[in-house]
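Novice: Structure: run-v4.cif, mmCIF, N, CA and C atoms and all ligand atoms.
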data_my_file
#
loop_
_atom_site.group_PDB
_atom_site.id
_atom_site.type_symbol
_atom_site.label_atom_id
_atom_site.label_comp_id
_atom_site.auth_asym_id
_atom_site.auth_seq_id
_atom_site.Cartn_x
_atom_site.Cartn_y
_atom_site.Cartn_z
ATOM 1 N N MET F 1 19.030 -11.414 0.502
ATOM 2 C CA MET F 1 18.026 -10.426 0.111
ATOM 3 C C MET F 1 17.438 -9.795 1.372
ATOM 4 N N SER F 2 17.337 -8.490 1.377
ATOM 5 C CA SER F 2 16.793 -7.827 2.557
ATOM 6 C C SER F 2 15.265 -7.889 2.551
ATOM 7 N N THR F 3 14.728 -7.766 3.737
ATOM 8 C CA THR F 3 13.268 -7.754 3.884
ATOM 9 C C THR F 3 12.859 -6.511 4.673
ATOM 10 N N HIS F 4 11.589 -6.206 4.610
ATOM 11 C CA HIS F 4 11.053 -5.052 5.325
ATOM 12 C C HIS F 4 9.769 -5.469 6.040
ATOM 13 N N ARG F 5 9.569 -4.856 7.195
ATOM 14 C CA ARG F 5 8.380 -5.151 7.989
ATOM 15 C C ARG F 5 7.207 -4.315 7.464
ATOM 16 N N VAL F 6 6.091 -4.978 7.218
ATOM 17 C CA VAL F 6 4.873 -4.297 6.779
ATOM 18 C C VAL F 6 3.801 -4.563 7.835
ATOM 19 N N GLU F 7 3.345 -3.491 8.478
ATOM 20 C CA GLU F 7 2.368 -3.619 9.561
ATOM 21 C C GLU F 7 1.005 -3.125 9.094
ATOM 22 N N PHE F 8 -0.033 -3.688 9.708
ATOM 23 C CA PHE F 8 -1.406 -3.316 9.392
ATOM 24 C C PHE F 8 -2.123 -2.921 10.685
ATOM 25 N N PRO F 9 -1.748 -1.782 11.288
ATOM 26 C CA PRO F 9 -2.292 -1.413 12.593
ATOM 27 C C PRO F 9 -3.810 -1.311 12.593
ATOM 28 N N GLY F 10 -4.391 -1.820 13.676
ATOM 29 C CA GLY F 10 -5.831 -1.738 13.850
ATOM 30 C C GLY F 10 -6.615 -2.766 13.058
ATOM 31 N N SER F 11 -5.933 -3.606 12.298
ATOM 32 C CA SER F 11 -6.642 -4.558 11.438
ATOM 33 C C SER F 11 -6.790 -5.936 12.066
ATOM 34 N N GLY F 12 -5.969 -6.247 13.059
ATOM 35 C CA GLY F 12 -5.959 -7.596 13.615
ATOM 36 C C GLY F 12 -5.045 -8.542 12.849
ATOM 37 N N PHE F 13 -4.461 -8.078 11.743
ATOM 38 C CA PHE F 13 -3.553 -8.916 10.969
ATOM 39 C C PHE F 13 -2.126 -8.749 11.472
ATOM 40 N N ALA F 14 -1.411 -9.844 11.528
ATOM 41 C CA ALA F 14 -0.021 -9.815 11.985
ATOM 42 C C ALA F 14 0.854 -9.113 10.947
ATOM 43 N N PRO F 15 1.919 -8.461 11.394
ATOM 44 C CA PRO F 15 2.866 -7.866 10.455
ATOM 45 C C PRO F 15 3.491 -8.940 9.563
ATOM 46 N N LEU F 16 3.951 -8.507 8.391
ATOM 47 C CA LEU F 16 4.621 -9.407 7.450
ATOM 48 C C LEU F 16 6.052 -8.928 7.240
ATOM 49 N N GLU F 17 6.937 -9.842 6.932
ATOM 50 C CA GLU F 17 8.296 -9.504 6.480
ATOM 51 C C GLU F 17 8.333 -9.810 5.000
ATOM 52 N N LEU F 18 8.441 -8.774 4.175
ATOM 53 C CA LEU F 18 8.386 -8.974 2.728
ATOM 54 C C LEU F 18 9.714 -8.594 2.099
ATOM 55 N N ALA F 19 10.049 -9.282 1.029
ATOM 56 C CA ALA F 19 11.324 -9.054 0.335
ATOM 57 C C ALA F 19 11.372 -7.651 -0.250
ATOM 58 N N HIS F 20 12.570 -7.074 -0.230
ATOM 59 C CA HIS F 20 12.775 -5.751 -0.816
ATOM 60 C C HIS F 20 12.347 -5.781 -2.284
ATOM 61 N N GLY F 21 11.509 -4.851 -2.659
ATOM 62 C CA GLY F 21 11.066 -4.745 -4.043
ATOM 63 C C GLY F 21 9.811 -5.530 -4.359
ATOM 64 N N ALA F 22 9.298 -6.298 -3.389
ATOM 65 C CA ALA F 22 8.096 -7.096 -3.646
ATOM 66 C C ALA F 22 6.918 -6.187 -3.975
ATOM 67 N N GLN F 23 6.085 -6.656 -4.875
ATOM 68 C CA GLN F 23 4.850 -5.929 -5.154
ATOM 69 C C GLN F 23 3.846 -6.317 -4.071
ATOM 70 N N LEU F 24 3.324 -5.305 -3.384
ATOM 71 C CA LEU F 24 2.380 -5.569 -2.294
ATOM 72 C C LEU F 24 1.202 -6.407 -2.777
ATOM 73 N N VAL F 25 0.707 -6.125 -3.967
ATOM 74 C CA VAL F 25 -0.466 -6.824 -4.485
ATOM 75 C C VAL F 25 -0.210 -8.315 -4.635
ATOM 76 N N LEU F 26 1.007 -8.718 -4.919
ATOM 77 C CA LEU F 26 1.315 -10.140 -5.062
ATOM 78 C C LEU F 26 1.613 -10.769 -3.708
ATOM 79 N N ALA F 27 2.184 -9.989 -2.800
ATOM 80 C CA ALA F 27 2.612 -10.527 -1.514
ATOM 81 C C ALA F 27 1.456 -10.781 -0.557
ATOM 82 N N VAL F 28 0.376 -10.040 -0.683
ATOM 83 C CA VAL F 28 -0.717 -10.181 0.292
ATOM 84 C C VAL F 28 -2.037 -10.557 -0.368
ATOM 85 N N SER F 29 -1.991 -11.164 -1.527
ATOM 86 C CA SER F 29 -3.247 -11.456 -2.213
ATOM 87 C C SER F 29 -3.828 -12.821 -1.875
ATOM 88 N N ALA F 30 -3.206 -13.515 -0.925
ATOM 89 C CA ALA F 30 -3.756 -14.801 -0.522
ATOM 90 C C ALA F 30 -5.075 -14.597 0.220
ATOM 91 N N LEU F 31 -5.780 -15.689 0.444
ATOM 92 C CA LEU F 31 -7.011 -15.605 1.220
ATOM 93 C C LEU F 31 -6.714 -15.003 2.587
ATOM 94 N N ASP F 32 -7.687 -14.368 3.182
ATOM 95 C CA ASP F 32 -7.526 -13.771 4.493
ATOM 96 C C ASP F 32 -6.522 -12.617 4.457
ATOM 97 N N SER F 33 -6.552 -11.844 3.385
ATOM 98 C CA SER F 33 -5.619 -10.732 3.219
ATOM 99 C C SER F 33 -6.050 -9.525 4.033
ATOM 100 N N PRO F 34 -5.083 -8.794 4.577
ATOM 101 C CA PRO F 34 -5.415 -7.547 5.281
ATOM 102 C C PRO F 34 -5.839 -6.439 4.322
ATOM 103 N N LEU F 35 -5.655 -6.633 3.026
ATOM 104 C CA LEU F 35 -6.007 -5.618 2.037
ATOM 105 C C LEU F 35 -6.976 -6.213 1.025
ATOM 106 N N LEU F 36 -7.771 -5.335 0.435
ATOM 107 C CA LEU F 36 -8.689 -5.769 -0.626
ATOM 108 C C LEU F 36 -8.185 -5.236 -1.956
ATOM 109 N N PHE F 37 -8.315 -6.031 -2.990
ATOM 110 C CA PHE F 37 -7.919 -5.606 -4.325
ATOM 111 C C PHE F 37 -9.043 -5.874 -5.298
ATOM 112 N N GLY F 38 -9.140 -5.013 -6.293
ATOM 113 C CA GLY F 38 -10.112 -5.200 -7.363
ATOM 114 C C GLY F 38 -9.369 -5.365 -8.677
ATOM 115 N N CYS F 39 -9.236 -4.272 -9.404
ATOM 116 C CA CYS F 39 -8.633 -4.309 -10.746
ATOM 117 C C CYS F 39 -7.145 -4.644 -10.731
ATOM 118 N N ARG F 40 -6.459 -4.318 -9.662
ATOM 119 C CA ARG F 40 -5.001 -4.508 -9.535
ATOM 120 C C ARG F 40 -4.212 -3.709 -10.568
ATOM 121 N N ALA F 41 -4.838 -2.695 -11.124
ATOM 122 C CA ALA F 41 -4.200 -1.912 -12.184
ATOM 123 C C ALA F 41 -4.216 -0.417 -11.896
ATOM 124 N N GLY F 42 -4.613 -0.023 -10.682
ATOM 125 C CA GLY F 42 -4.589 1.398 -10.342
ATOM 126 C C GLY F 42 -5.794 2.172 -10.844
ATOM 127 N N LEU F 43 -6.894 1.484 -11.108
ATOM 128 C CA LEU F 43 -8.056 2.151 -11.696
ATOM 129 C C LEU F 43 -9.264 2.251 -10.766
ATOM 130 N N CYS F 44 -9.554 1.199 -10.019
ATOM 131 C CA CYS F 44 -10.857 1.118 -9.346
ATOM 132 C C CYS F 44 -10.896 1.755 -7.961
ATOM 133 N N GLY F 45 -9.781 1.884 -7.281
ATOM 134 C CA GLY F 45 -9.754 2.477 -5.948
ATOM 135 C C GLY F 45 -10.079 1.514 -4.821
ATOM 136 N N THR F 46 -10.339 0.264 -5.117
ATOM 137 C CA THR F 46 -10.663 -0.721 -4.077
ATOM 138 C C THR F 46 -9.554 -0.863 -3.049
ATOM 139 N N CYS F 47 -8.326 -0.724 -3.468
ATOM 140 C CA CYS F 47 -7.172 -0.978 -2.597
ATOM 141 C C CYS F 47 -6.673 0.290 -1.897
ATOM 142 N N LEU F 48 -7.510 1.300 -1.821
ATOM 143 C CA LEU F 48 -7.091 2.575 -1.231
ATOM 144 C C LEU F 48 -6.661 2.400 0.231
ATOM 145 N N VAL F 49 -5.479 2.886 0.559
ATOM 146 C CA VAL F 49 -4.928 2.779 1.916
ATOM 147 C C VAL F 49 -4.229 4.086 2.288
ATOM 148 N N GLU F 50 -3.941 4.219 3.580
ATOM 149 C CA GLU F 50 -2.978 5.221 4.023
ATOM 150 C C GLU F 50 -1.701 4.482 4.350
ATOM 151 N N LEU F 51 -0.609 4.973 3.824
ATOM 152 C CA LEU F 51 0.675 4.295 3.967
ATOM 153 C C LEU F 51 1.660 5.247 4.628
ATOM 154 N N GLU F 52 2.232 4.798 5.723
ATOM 155 C CA GLU F 52 3.283 5.554 6.413
ATOM 156 C C GLU F 52 4.583 4.778 6.298
ATOM 157 N N ALA F 53 5.571 5.385 5.676
ATOM 158 C CA ALA F 53 6.888 4.755 5.613
ATOM 159 C C ALA F 53 7.601 4.980 6.938
ATOM 160 N N GLU F 54 8.299 3.954 7.424
ATOM 161 C CA GLU F 54 9.056 4.115 8.665
ATOM 162 C C GLU F 54 10.165 5.140 8.472
ATOM 163 N N VAL F 55 10.789 5.134 7.297
ATOM 164 C CA VAL F 55 11.826 6.108 6.962
ATOM 165 C C VAL F 55 11.320 6.943 5.791
ATOM 166 N N THR F 56 11.208 8.241 5.999
ATOM 167 C CA THR F 56 10.721 9.121 4.943
ATOM 168 C C THR F 56 11.564 8.961 3.685
ATOM 169 N N GLY F 57 10.887 8.791 2.564
ATOM 170 C CA GLY F 57 11.581 8.660 1.294
ATOM 171 C C GLY F 57 11.962 7.239 0.923
ATOM 172 N N SER F 58 11.715 6.271 1.812
ATOM 173 C CA SER F 58 12.120 4.895 1.507
ATOM 174 C C SER F 58 11.150 4.211 0.539
ATOM 175 N N ILE F 59 9.950 4.746 0.418
ATOM 176 C CA ILE F 59 8.959 4.189 -0.508
ATOM 177 C C ILE F 59 8.804 5.171 -1.665
ATOM 178 N N ALA F 60 8.887 4.684 -2.877
ATOM 179 C CA ALA F 60 8.769 5.562 -4.046
ATOM 180 C C ALA F 60 7.415 6.270 -4.036
ATOM 181 N N PRO F 61 7.389 7.539 -4.390
ATOM 182 C CA PRO F 61 6.116 8.259 -4.439
ATOM 183 C C PRO F 61 5.248 7.737 -5.587
ATOM 184 N N PRO F 62 3.956 8.062 -5.551
ATOM 185 C CA PRO F 62 3.077 7.610 -6.634
ATOM 186 C C PRO F 62 3.511 8.184 -7.981
ATOM 187 N N ASP F 63 3.372 7.379 -9.031
ATOM 188 C CA ASP F 63 3.667 7.909 -10.366
ATOM 189 C C ASP F 63 2.483 8.761 -10.832
ATOM 190 N N ALA F 64 2.584 9.306 -12.025
ATOM 191 C CA ALA F 64 1.562 10.240 -12.509
ATOM 192 C C ALA F 64 0.178 9.598 -12.574
ATOM 193 N N ASP F 65 0.098 8.357 -13.028
ATOM 194 C CA ASP F 65 -1.210 7.690 -13.126
ATOM 195 C C ASP F 65 -1.819 7.467 -11.750
ATOM 196 N N GLU F 66 -0.984 7.040 -10.784
ATOM 197 C CA GLU F 66 -1.505 6.829 -9.434
ATOM 198 C C GLU F 66 -1.922 8.155 -8.814
ATOM 199 N N ARG F 67 -1.128 9.190 -9.014
ATOM 200 C CA ARG F 67 -1.492 10.521 -8.472
ATOM 201 C C ARG F 67 -2.842 10.972 -9.019
ATOM 202 N N GLU F 68 -3.056 10.733 -10.293
ATOM 203 C CA GLU F 68 -4.330 11.125 -10.902
ATOM 204 C C GLU F 68 -5.489 10.375 -10.231
ATOM 205 N N ALA F 69 -5.317 9.082 -9.994
ATOM 206 C CA ALA F 69 -6.370 8.300 -9.329
ATOM 207 C C ALA F 69 -6.569 8.781 -7.897
ATOM 208 N N LEU F 70 -5.475 9.089 -7.193
ATOM 209 C CA LEU F 70 -5.593 9.536 -5.801
ATOM 210 C C LEU F 70 -6.294 10.884 -5.705
ATOM 211 N N GLU F 71 -6.134 11.722 -6.704
ATOM 212 C CA GLU F 71 -6.844 13.010 -6.705
ATOM 213 C C GLU F 71 -8.348 12.790 -6.781
ATOM 214 N N ILE F 72 -8.770 11.678 -7.357
ATOM 215 C CA ILE F 72 -10.200 11.352 -7.449
ATOM 216 C C ILE F 72 -10.680 10.666 -6.176
ATOM 217 N N TYR F 73 -9.940 9.645 -5.710
ATOM 218 C CA TYR F 73 -10.414 8.797 -4.609
ATOM 219 C C TYR F 73 -10.104 9.346 -3.219
ATOM 220 N N ALA F 74 -9.056 10.123 -3.076
ATOM 221 C CA ALA F 74 -8.659 10.575 -1.729
ATOM 222 C C ALA F 74 -7.966 11.937 -1.804
ATOM 223 N N PRO F 75 -8.650 12.945 -2.323
ATOM 224 C CA PRO F 75 -7.977 14.226 -2.559
ATOM 225 C C PRO F 75 -7.487 14.925 -1.296
ATOM 226 N N GLU F 76 -8.078 14.637 -0.147
ATOM 227 C CA GLU F 76 -7.708 15.323 1.096
ATOM 228 C C GLU F 76 -6.789 14.483 1.977
ATOM 229 N N ARG F 77 -6.243 13.384 1.456
ATOM 230 C CA ARG F 77 -5.462 12.474 2.302
ATOM 231 C C ARG F 77 -4.050 12.329 1.739
ATOM 232 N N PRO F 78 -3.113 13.080 2.289
ATOM 233 C CA PRO F 78 -1.751 13.067 1.739
ATOM 234 C C PRO F 78 -1.032 11.732 1.865
ATOM 235 N N LEU F 79 -1.460 10.863 2.777
ATOM 236 C CA LEU F 79 -0.809 9.561 2.931
ATOM 237 C C LEU F 79 -1.456 8.479 2.067
ATOM 238 N N ALA F 80 -2.488 8.849 1.315
ATOM 239 C CA ALA F 80 -3.218 7.841 0.541
ATOM 240 C C ALA F 80 -2.357 7.264 -0.569
ATOM 241 N N ARG F 81 -2.512 5.966 -0.763
ATOM 242 C CA ARG F 81 -1.867 5.250 -1.866
ATOM 243 C C ARG F 81 -2.813 4.175 -2.369
ATOM 244 N N LEU F 82 -2.567 3.728 -3.577
ATOM 245 C CA LEU F 82 -3.237 2.544 -4.102
ATOM 246 C C LEU F 82 -2.311 1.375 -3.826
ATOM 247 N N ALA F 83 -2.737 0.491 -2.928
ATOM 248 C CA ALA F 83 -1.852 -0.602 -2.500
ATOM 249 C C ALA F 83 -1.397 -1.461 -3.671
ATOM 250 N N CYS F 84 -2.203 -1.556 -4.712
ATOM 251 C CA CYS F 84 -1.827 -2.397 -5.856
ATOM 252 C C CYS F 84 -0.651 -1.821 -6.632
ATOM 253 N N GLN F 85 -0.289 -0.575 -6.358
ATOM 254 C CA GLN F 85 0.798 0.069 -7.096
ATOM 255 C C GLN F 85 2.079 0.188 -6.273
ATOM 256 N N VAL F 86 2.049 -0.303 -5.039
ATOM 257 C CA VAL F 86 3.165 -0.090 -4.111
ATOM 258 C C VAL F 86 4.153 -1.248 -4.147
ATOM 259 N N ARG F 87 5.434 -0.894 -4.187
ATOM 260 C CA ARG F 87 6.503 -1.880 -4.016
ATOM 261 C C ARG F 87 7.099 -1.704 -2.623
ATOM 262 N N VAL F 88 7.472 -2.785 -2.019
ATOM 263 C CA VAL F 88 7.995 -2.771 -0.656
ATOM 264 C C VAL F 88 9.493 -2.470 -0.709
ATOM 265 N N THR F 89 9.824 -1.216 -0.483
ATOM 266 C CA THR F 89 11.239 -0.823 -0.505
ATOM 267 C C THR F 89 11.680 -0.261 0.838
ATOM 268 N N GLY F 90 10.819 -0.420 1.848
ATOM 269 C CA GLY F 90 11.141 0.011 3.193
ATOM 270 C C GLY F 90 10.032 -0.435 4.132
ATOM 271 N N ALA F 91 10.297 -0.349 5.431
ATOM 272 C CA ALA F 91 9.277 -0.708 6.418
ATOM 273 C C ALA F 91 8.121 0.271 6.322
ATOM 274 N N MET F 92 6.912 -0.236 6.526
ATOM 275 C CA MET F 92 5.737 0.627 6.382
ATOM 276 C C MET F 92 4.580 0.152 7.244
ATOM 277 N N ARG F 93 3.680 1.097 7.518
ATOM 278 C CA ARG F 93 2.424 0.809 8.198
ATOM 279 C C ARG F 93 1.300 1.153 7.233
ATOM 280 N N ILE F 94 0.328 0.262 7.104
ATOM 281 C CA ILE F 94 -0.741 0.428 6.125
ATOM 282 C C ILE F 94 -2.092 0.302 6.813
ATOM 283 N N ARG F 95 -2.945 1.275 6.555
ATOM 284 C CA ARG F 95 -4.319 1.237 7.076
ATOM 285 C C ARG F 95 -5.280 1.368 5.908
ATOM 286 N N ARG F 96 -6.260 0.471 5.842
ATOM 287 C CA ARG F 96 -7.269 0.576 4.779
ATOM 288 C C ARG F 96 -8.112 1.822 4.990
ATOM 289 N N ILE F 97 -8.511 2.426 3.910
ATOM 290 C CA ILE F 97 -9.420 3.579 3.940
ATOM 291 C C ILE F 97 -10.781 3.087 3.465
ATOM 292 N N GLY F 98 -11.793 3.468 4.205
ATOM 293 C CA GLY F 98 -13.151 3.159 3.756
ATOM 294 C C GLY F 98 -13.728 1.907 4.322
HETATM 295 S S1 LIG F 101 -7.041 -2.746 -7.013
HETATM 296 FE FE1 LIG F 101 -8.011 -1.304 -8.312
HETATM 297 S S2 LIG F 101 -6.885 0.508 -7.930
HETATM 298 FE FE2 LIG F 101 -5.815 -0.980 -6.793
#
Represent the structure contained in this file as structure tokens.

Specialist:
Amino acid sequence: MSTHRVEFPGSGFAPLELAHGAQLVLAVSALDSPLLFGCRAGLCGTCLVELEAEVTGSIAPPDADEREALEIYAPERPLARLACQVRVTGAMRIRRIG
């Protein structure tokens, strides 16, 4: 099974190697997580991040429900994502917003 590097620049947290297809919310929800989660359902905006894929197109774009939430929580931030909705399908850098 392939893995992908997930970095959290500026956070002090070490990068992780996560399995292809892993749900970010399940992979980093242990104590001392570099990300915060609330509802885990794409509703509350607690997990708002900026996500840069190492390879453009390697991470699936937000679905319609996530896009609707992002228009509310981060309308001016094209890299914004809800971390609870992201699957690890490529190397990425993640920065918390807020
Ligand atoms: S944890 Fe609530 S939107 Fe992601």

Novice: At what distance in Å, to one decimal, does atom CA of F:Phe13 lie from atom CA of F:Thr56?

Specialist: 23.8 Å

Novice: Please measure the separation of atom CA of F:Leu70 and atom CA of F:Gly42, giving the value in Å to one decimal.

Specialist: 9.4 Å

Novice: Neighbours of ligand LIG 101 (chain F) within 7 Å, counting only N, CA and C atoms and all ligand atoms, as number ranges by chain?

Specialist: F: 36-48, 82-85

Novice: Near stretch 23-26 of chain F, within 6 Å and counting only C-alpha atoms, which residues show up once chain neighbours fewer than 2 positions away are dropped, as an NGL selection string?

Specialist: :F and (28-29 or 84 or 86-87)

Novice: Around all the atoms of stretch 69-76 of chain F listed in the file, with 8 Å of room on each side, what axis-aligned box do you get, giving centre and edge lengths in Å to one decimal, as JSON?

Specialist:
{"center_x": -8.0, "center_y": 11.8, "center_z": -4.0, "size_x": 21.4, "size_y": 23.0, "size_z": 28.0}

Novice: Measure the distance from atom N of F:Asp32 to atom CA of F:Glu54 in Å and round it to one decimal.

Specialist: 25.5 Å

Novice: Write out as CSV the residues of stretch 71-98 of chain F that have any atom within 7 Å of an atom of stretch 50-53 of chain F, one row each with the nearest atom pair and its distance in Å to one decimal, counting only N, CA and C atoms, sorted by chain and then rising number.

Specialist:
residue,atom,partner,partner_atom,distance
F:Leu79,C,F:Leu51,N,4.0
F:Ala80,CA,F:Glu50,CA,4.4
F:Arg81,N,F:Glu50,CA,4.9
F:Gly90,C,F:Ala53,CA,6.2
F:Ala91,C,F:Ala53,CA,4.7
F:Met92,CA,F:Glu52,C,4.3
F:Arg93,N,F:Glu52,C,4.0
F:Ile94,CA,F:Glu50,C,4.5
F:Arg95,C,F:Glu50,N,3.9
F:Arg96,N,F:Glu50,N,5.0
F:Ile97,N,F:Glu50,N,4.9

Novice: Run through the PyMOL selection byres (((chain F and resi 60) around 8) and not hetatm) on the given coordinates and return the selected residues as a VMD selection string.

Specialist: chain F and resid 57 to 59 61 to 63 86 to 90

Novice: For the helix (DSSP H, G or I) assignment from backbone DSSP, which residues of stretch 1-72 of chain F qualify? Please present them as a short mmCIF file (atom, residue, chain, number, x, y, z; two decimals) with N, CA and C atoms, in the coordinates of the input.

Specialist:
data_model
loop_
_atom_site.label_atom_id
_atom_site.label_comp_id
_atom_site.auth_asym_id
_atom_site.auth_seq_id
_atom_site.Cartn_x
_atom_site.Cartn_y
_atom_site.Cartn_z
N LEU F 24 3.32 -5.30 -3.38
CA LEU F 24 2.38 -5.57 -2.29
C LEU F 24 1.20 -6.41 -2.78
N VAL F 25 0.71 -6.12 -3.97
CA VAL F 25 -0.47 -6.82 -4.49
C VAL F 25 -0.21 -8.32 -4.64
N LEU F 26 1.01 -8.72 -4.92
CA LEU F 26 1.32 -10.14 -5.06
C LEU F 26 1.61 -10.77 -3.71
N ALA F 27 2.18 -9.99 -2.80
CA ALA F 27 2.61 -10.53 -1.51
C ALA F 27 1.46 -10.78 -0.56
N ALA F 64 2.58 9.31 -12.02
CA ALA F 64 1.56 10.24 -12.51
C ALA F 64 0.18 9.60 -12.57
N ASP F 65 0.10 8.36 -13.03
CA ASP F 65 -1.21 7.69 -13.13
C ASP F 65 -1.82 7.47 -11.75
N GLU F 66 -0.98 7.04 -10.78
CA GLU F 66 -1.50 6.83 -9.43
C GLU F 66 -1.92 8.15 -8.81
N ARG F 67 -1.13 9.19 -9.01
CA ARG F 67 -1.49 10.52 -8.47
C ARG F 67 -2.84 10.97 -9.02
N GLU F 68 -3.06 10.73 -10.29
CA GLU F 68 -4.33 11.12 -10.90
C GLU F 68 -5.49 10.38 -10.23
N ALA F 69 -5.32 9.08 -9.99
CA ALA F 69 -6.37 8.30 -9.33
C ALA F 69 -6.57 8.78 -7.90
N LEU F 70 -5.48 9.09 -7.19
CA LEU F 70 -5.59 9.54 -5.80
C LEU F 70 -6.29 10.88 -5.70
N GLU F 71 -6.13 11.72 -6.70
CA GLU F 71 -6.84 13.01 -6.70
C GLU F 71 -8.35 12.79 -6.78
N ILE F 72 -8.77 11.68 -7.36
CA ILE F 72 -10.20 11.35 -7.45
C ILE F 72 -10.68 10.67 -6.18
#

Novice: Report as a ChimeraX atom specification: the residues of chain F with a DSSP assignment of strand (DSSP E or B), based on the backbone of this structure.

Specialist: /F:3-7,16-19,22-23,48-53,80-82,87-88,92-96

Novice: Enumerate, as a PyMOL selection string, the residues matched when the PyMOL selection byres (((chain F and resi 18 and name CA) around 6) and not hetatm and name CA) is run on the file above.

Specialist: chain F and resi 3-4+17+19

Novice: How would stretch 35-48 of chain F of the given structure read as a file with N, CA and C atoms, as a short mmCIF file (atom, residue, chain, number, x, y, z; two decimals), in the first residue's frame?

Specialist:
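So out05.cif came out as:
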data_model
loop_
_atom_site.label_atom_id
_atom_site.label_comp_id
_atom_site.auth_asym_id
_atom_site.auth_seq_id
_atom_site.Cartn_x
_atom_site.Cartn_y
_atom_site.Cartn_z
N LEU F 35 -4.26 19.14 14.11
CA LEU F 35 -5.51 19.71 13.62
C LEU F 35 -6.58 19.61 14.70
N LEU F 36 -7.54 20.52 14.62
CA LEU F 36 -8.68 20.47 15.55
C LEU F 36 -9.91 20.04 14.78
N PHE F 37 -10.74 19.24 15.41
CA PHE F 37 -11.99 18.80 14.80
C PHE F 37 -13.13 19.03 15.75
N GLY F 38 -14.28 19.33 15.19
CA GLY F 38 -15.50 19.48 15.98
C GLY F 38 -16.50 18.43 15.54
N CYS F 39 -17.40 18.82 14.65
CA CYS F 39 -18.49 17.94 14.22
C CYS F 39 -18.02 16.74 13.41
N ARG F 40 -16.91 16.87 12.72
CA ARG F 40 -16.37 15.83 11.83
C ARG F 40 -17.31 15.49 10.68
N ALA F 41 -18.23 16.39 10.39
CA ALA F 41 -19.23 16.13 9.36
C ALA F 41 -19.30 17.24 8.32
N GLY F 42 -18.36 18.18 8.35
CA GLY F 42 -18.35 19.23 7.34
C GLY F 42 -19.31 20.38 7.63
N LEU F 43 -19.69 20.55 8.88
CA LEU F 43 -20.69 21.56 9.22
C LEU F 43 -20.15 22.74 10.02
N CYS F 44 -19.29 22.48 10.99
CA CYS F 44 -18.98 23.52 11.98
C CYS F 44 -17.83 24.45 11.60
N GLY F 45 -16.93 24.03 10.73
CA GLY F 45 -15.81 24.87 10.33
C GLY F 45 -14.62 24.82 11.27
N THR F 46 -14.68 24.06 12.33
CA THR F 46 -13.57 23.97 13.28
C THR F 46 -12.28 23.49 12.63
N CYS F 47 -12.39 22.63 11.65
CA CYS F 47 -11.21 22.00 11.04
C CYS F 47 -10.71 22.76 9.80
N LEU F 48 -11.08 24.02 9.68
CA LEU F 48 -10.71 24.80 8.50
C LEU F 48 -9.19 24.90 8.36
#
